[in-house]
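Quick look at query01.csv (CSV, C-alpha atoms):
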```
chain,number,residue,atom,x,y,z
H,1,MET,CA,161.0,101.2,159.1
H,2,THR,CA,164.3,100.0,160.6
H,3,ALA,CA,167.0,102.6,160.4
H,4,LYS,CA,169.8,101.8,158.0
H,5,ARG,CA,173.1,100.8,159.5
H,6,THR,CA,176.2,102.8,158.8
H,7,CYS,CA,179.7,101.7,157.8
H,8,PHE,CA,182.5,104.3,158.1
H,9,PHE,CA,185.7,103.9,156.0
H,10,VAL,CA,189.0,104.9,157.5
H,11,MET,CA,191.6,105.1,154.8
H,12,PRO,CA,194.3,107.4,153.2
H,13,PHE,CA,192.9,110.0,150.8
H,14,ARG,CA,194.8,108.8,147.7
H,15,PRO,CA,193.4,108.7,144.1
H,16,GLU,CA,193.8,105.0,143.6
H,17,LEU,CA,192.2,104.2,147.0
H,18,ASN,CA,189.4,106.6,146.2
H,19,PHE,CA,188.3,104.2,143.4
H,20,VAL,CA,188.4,101.4,145.9
H,21,PHE,CA,186.2,103.3,148.2
H,22,LEU,CA,183.6,104.3,145.5
H,23,TYR,CA,183.5,100.7,144.3
H,24,LEU,CA,183.0,99.2,147.8
H,25,GLN,CA,180.6,102.0,148.7
H,26,ARG,CA,178.2,101.0,145.9
H,27,TYR,CA,178.7,97.2,146.6
H,28,LEU,CA,178.1,97.4,150.3
H,29,GLU,CA,175.0,99.6,149.9
H,30,ASP,CA,173.5,97.2,147.3
H,31,ARG,CA,174.5,93.9,149.0
H,32,HIS,CA,174.2,94.8,152.7
H,33,GLY,CA,172.0,97.8,152.8
H,34,LEU,CA,174.7,99.9,154.6
H,35,VAL,CA,175.1,103.6,154.4
H,36,VAL,CA,178.8,103.9,153.6
H,37,ARG,CA,180.6,107.1,154.5
H,38,ARG,CA,184.1,108.5,154.6
H,39,GLY,CA,185.5,111.6,156.3
H,40,ASP,CA,185.2,113.7,153.1
H,41,THR,CA,181.7,112.5,151.9
H,42,SER,CA,179.7,115.4,153.3
H,43,VAL,CA,180.0,119.1,153.6
H,44,LEU,CA,182.3,120.2,156.5
H,45,THR,CA,180.5,122.3,159.0
H,46,LYS,CA,183.1,121.7,161.7
H,47,ALA,CA,186.8,120.8,162.0
H,48,LEU,CA,187.6,117.6,160.0
H,49,MET,CA,188.8,115.5,163.0
H,50,ASP,CA,185.7,116.5,165.0
H,51,LYS,CA,183.6,115.4,162.1
H,52,VAL,CA,185.5,112.1,161.7
H,53,GLU,CA,185.0,111.4,165.4
H,54,ASP,CA,181.3,112.0,165.1
H,55,GLU,CA,181.1,109.7,162.1
H,56,ILE,CA,183.0,107.0,164.0
H,57,ARG,CA,180.8,107.4,167.0
H,58,ALA,CA,177.6,107.0,165.0
H,59,ALA,CA,178.8,104.1,162.8
H,60,ASP,CA,177.8,100.5,163.4
H,61,LEU,CA,180.9,99.2,161.7
H,62,ILE,CA,184.4,100.6,160.7
H,63,VAL,CA,186.5,99.4,157.8
H,64,GLY,CA,190.1,100.5,158.2
H,65,ASP,CA,192.5,100.3,155.3
H,66,ILE,CA,196.0,100.4,156.8
H,67,THR,CA,197.9,100.2,153.4
H,68,ASP,CA,201.1,102.2,153.7
H,69,ALA,CA,200.7,102.7,157.5
H,70,ASN,CA,199.2,106.1,157.3
H,71,PRO,CA,199.4,107.9,160.7
H,72,ASN,CA,196.0,109.6,160.3
H,73,VAL,CA,194.4,106.2,159.7
H,74,PHE,CA,196.0,104.7,162.9
H,75,TYR,CA,194.8,107.8,164.9
H,76,GLU,CA,191.2,107.3,163.6
H,77,LEU,CA,191.3,103.6,164.3
H,78,GLY,CA,192.5,104.4,167.8
H,79,ILE,CA,189.3,106.4,168.3
H,80,ALA,CA,187.2,103.5,166.9
H,81,HIS,CA,189.0,101.1,169.3
H,82,ALA,CA,188.4,103.5,172.3
H,83,LEU,CA,184.7,103.7,171.4
H,84,GLY,CA,184.4,99.9,171.2
H,85,LYS,CA,183.5,99.9,167.5
H,86,PRO,CA,183.9,96.6,165.5
H,87,VAL,CA,186.6,97.1,162.9
H,88,ILE,CA,187.4,95.2,159.7
H,89,PHE,CA,191.1,95.7,158.7
H,90,MET,CA,192.2,95.8,155.1
H,91,THR,CA,195.6,96.1,153.5
H,92,GLN,CA,197.2,95.7,150.1
H,93,GLN,CA,200.5,94.7,151.9
H,94,ALA,CA,201.5,91.6,153.8
H,95,PRO,CA,199.7,91.6,157.1
H,96,GLU,CA,203.0,90.8,158.8
H,97,SER,CA,204.1,94.3,157.9
H,98,ALA,CA,201.4,95.8,160.1
H,99,PRO,CA,202.5,97.4,163.5
H,100,VAL,CA,202.9,94.8,166.2
H,101,ASP,CA,199.9,96.0,168.1
H,102,LEU,CA,197.6,95.3,165.2
H,103,ARG,CA,198.9,91.9,164.2
H,104,GLN,CA,196.6,90.2,166.7
H,105,PHE,CA,193.6,91.1,164.4
H,106,GLU,CA,192.5,89.4,161.3
H,107,PHE,CA,193.2,91.3,158.1
H,108,ILE,CA,191.7,91.2,154.6
H,109,HIS,CA,194.7,91.2,152.3
H,110,TYR,CA,193.5,92.4,149.0
H,111,ASP,CA,194.7,92.9,145.5
H,112,LEU,CA,193.0,95.3,143.1
H,113,ALA,CA,193.1,92.7,140.4
H,114,SER,CA,191.1,90.1,142.5
H,115,ALA,CA,187.9,91.9,143.4
H,116,ASP,CA,185.8,88.8,143.8
H,117,GLN,CA,188.1,87.5,146.6
H,118,LEU,CA,188.0,90.9,148.4
H,119,LEU,CA,184.2,91.1,148.2
H,120,GLY,CA,183.8,87.5,149.4
H,121,ARG,CA,185.9,88.1,152.5
H,122,LEU,CA,184.1,91.4,153.2
H,123,ASP,CA,180.8,89.7,152.9
H,124,ASN,CA,181.9,87.1,155.4
H,125,ALA,CA,183.3,89.6,157.9
H,126,ILE,CA,180.3,91.9,157.7
H,127,GLY,CA,177.9,88.9,158.1
H,128,HIS,CA,179.9,87.9,161.2
H,129,ILE,CA,179.7,91.3,162.8
H,130,LEU,CA,176.2,92.5,161.7
H,131,GLY,CA,174.4,89.3,160.9
H,132,GLN,CA,173.3,88.4,164.4
H,133,GLY,CA,170.3,90.7,164.1
H,134,TYR,CA,168.9,88.4,161.3
H,135,GLU,CA,169.5,85.0,163.1
H,136,GLY,CA,166.0,85.1,164.7
H,137,LEU,CA,164.5,85.9,161.3
H,138,PHE,CA,166.3,83.0,159.7
H,139,ASP,CA,165.0,80.6,162.4
H,140,ASP,CA,161.5,81.8,162.0
H,141,ALA,CA,161.7,81.5,158.2
H,142,VAL,CA,163.0,77.9,158.3
H,143,ALA,CA,160.1,77.0,160.6
H,144,LEU,CA,157.7,78.7,158.3
H,145,LEU,CA,159.1,76.8,155.3
H,146,ARG,CA,158.8,73.5,157.2
H,147,GLN,CA,155.1,74.2,157.8
H,148,PHE,CA,154.6,75.3,154.2
H,149,ASN,CA,156.2,72.0,152.9
H,150,ALA,CA,154.1,70.0,155.3
H,151,ASP,CA,150.8,71.7,154.3
H,152,THR,CA,151.5,71.6,150.5
H,153,GLY,CA,153.2,68.2,150.3
H,154,SER,CA,156.3,70.0,149.0
H,155,ASN,CA,160.0,69.5,149.7
H,156,TYR,CA,161.5,72.9,149.0
H,157,LEU,CA,164.9,73.6,150.4
H,158,PRO,CA,165.9,76.8,152.3
H,159,THR,CA,168.4,79.1,150.8
H,160,HIS,CA,171.8,79.6,152.5
H,161,ALA,CA,171.8,81.9,155.5
H,162,ASP,CA,174.0,84.6,153.8
H,163,GLU,CA,171.6,84.7,150.8
H,164,PHE,CA,168.6,84.9,153.1
H,165,GLN,CA,170.2,87.8,154.9
H,166,ALA,CA,170.9,89.6,151.5
H,167,ARG,CA,167.3,89.1,150.5
H,168,VAL,CA,166.0,90.4,153.8
H,169,ILE,CA,168.2,93.4,153.6
H,170,ARG,CA,166.9,94.2,150.1
H,171,GLY,CA,163.3,93.8,151.3
H,172,GLU,CA,164.0,95.9,154.4
H,173,ARG,CA,165.2,98.8,152.3
H,174,VAL,CA,162.0,98.7,150.3
H,175,GLU,CA,159.3,97.9,152.8
H,176,GLY,CA,160.8,97.4,156.2
H,177,ILE,CA,160.5,94.2,158.3
H,178,PRO,CA,157.0,93.6,159.7
H,179,GLU,CA,156.6,92.7,163.4
H,180,ARG,CA,156.2,89.0,164.2
H,181,ASP,CA,152.6,89.4,165.1
H,182,GLU,CA,151.6,91.2,161.9
H,183,PRO,CA,149.9,89.2,159.1
H,184,ALA,CA,152.6,90.6,156.7
H,185,TYR,CA,155.4,88.8,158.6
H,186,PRO,CA,155.0,85.3,156.9
H,187,GLU,CA,154.4,87.1,153.6
H,188,PHE,CA,157.8,88.9,154.1
H,189,LEU,CA,159.8,85.8,155.2
H,190,LEU,CA,158.6,82.9,153.0
H,191,PRO,CA,159.8,84.2,149.6
H,192,LYS,CA,163.1,85.0,151.1
H,193,ILE,CA,163.8,81.5,152.6
H,194,VAL,CA,162.7,79.4,149.7
H,195,ALA,CA,165.8,78.6,147.5
H,196,GLU,CA,163.6,78.4,144.3
H,197,SER,CA,161.7,81.6,145.1
H,198,THR,CA,161.9,83.0,141.5
H,199,ASP,CA,160.2,79.9,140.0
H,200,ILE,CA,156.7,81.1,139.0
H,201,ALA,CA,155.0,77.8,140.0
H,202,VAL,CA,156.6,78.2,143.5
H,203,ILE,CA,155.5,81.8,143.7
H,204,ARG,CA,151.9,80.8,142.9
H,205,LYS,CA,151.9,78.0,145.5
H,206,MET,CA,153.3,80.4,148.2
H,207,ASP,CA,150.6,83.0,147.3
H,208,ARG,CA,147.8,80.4,147.6
H,209,TRP,CA,149.2,79.0,150.9
H,210,LEU,CA,149.7,82.4,152.4
H,211,GLY,CA,146.2,83.4,151.4
H,212,GLU,CA,144.7,80.3,153.0
H,213,SER,CA,146.7,80.8,156.1
H,214,ALA,CA,145.8,84.4,156.6
```
Now, as a test, write the supplied structure out as C-alpha cells.
Amino acid sequence: MTAKRTCFFVMPFRPELNFVFLYLQRYLEDRHGLVVRRGDTSVLTKALMDKVEDEIRAADLIVGDITDANPNVFYELGIAHALGKPVIFMTQQAPESAPVDLRQFEFIHYDLASADQLLGRLDNAIGHILGQGYEGLFDDAVALLRQFNADTGSNYLPTHADEFQARVIRGERVEGIPERDEPAYPEFLLPKIVAESTDIAVIRKMDRWLGESA
C-alpha cells in the first residue's frame, strides 16, 4: 500500500489557532488522505527544534501560518525553504503586511468566519502541489470510461479531476492502488471516474462489464 503523505503545519502556538489546526487536521486527513502534524503533536524525545526540523525534512508539504509575524514561524519556514519543501502560506492579515521577502509568494488570506472559502483555496493549492501523482491515473480512468461507454452503448460523463482525486485518495487509504497490470486496476478506477457512480443501475452495469472484461 502506498505510504501516506505528510503535511506539517508551522504556526504560532496560540489557543485560537489551535482550533484552526485541529479543524484543518481533520479536514485534510479526510479529504486528501494526508497525515497532518505540528511540532507539538507527538511526545518529545529530543529538543523541540531538532524535532521540528526532522518533521519538516520528512514532510511532503508545509502549511505556514504567518499571522502576527511570529519569529519562530519564520525560522521554521526558513528551514523548509532551505530544504526545498513546497509551502502554502496562510494569514489572517492583509498579505501586503507580510515581510518584503515573502510578498513574492501567493497567500491564502483567511477569515475564521469564512471556512468554506479557506477550504476551497487549500484544496486548490494542495491539488496543485500534490496532484501530479494522480494525473496518470486520471488519464487511464478517462480512457477506461471511454471504452466502457463504447462497449455498453452508454454516454456517462467523467467526474471532475479534483473529485476523482478525492475518490482515489479515499480508496487508496482503504485498499491501496493496484498496479496497472493487475486485474483489480480497472475495478479500482472505473467507479471513481464515472460521475454517476452512486447510481445503482450504473453500479450494476459497471460490475457486469468489468466481469465480462476480466
Using Å and a single decimal, report how far atom CA of H:Glu179 sits from atom CA of H:Leu137.
10.6 Å
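If only C-alpha atoms are the atoms counted, then among H:Ala143, H:Ala150, H:Ala166, H:Ile203 the closest residue to H:Gly127 is H:Ala166.
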Quote the spacing between atom CA of H:Leu122 and atom CA of H:Val35 in Å to one decimal place.
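These two atoms are separated by 15.2 Å.
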Check the smallest atom-to-atom distance from each of H:Ile129, H:Val63, H:Leu24, H:Val174 to H:Asp116 using all atoms listed in the file, then report the winner.
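Of H:Ile129, H:Val63, H:Leu24, H:Val174, the one nearest H:Asp116, counting all atoms listed in the file, is H:Leu24.
As for atom CA of H:Val52 and atom CA of H:Ser97, they are spaced 26.0 Å apart.
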Select, from H:Arg121, H:Lys192, H:Lys85, H:Arg31, the residue with the minimum atom-to-atom distance to H:Val142, counting all atoms listed in the file.
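Of the candidates, the smallest distance to H:Val142 is held by H:Lys192.
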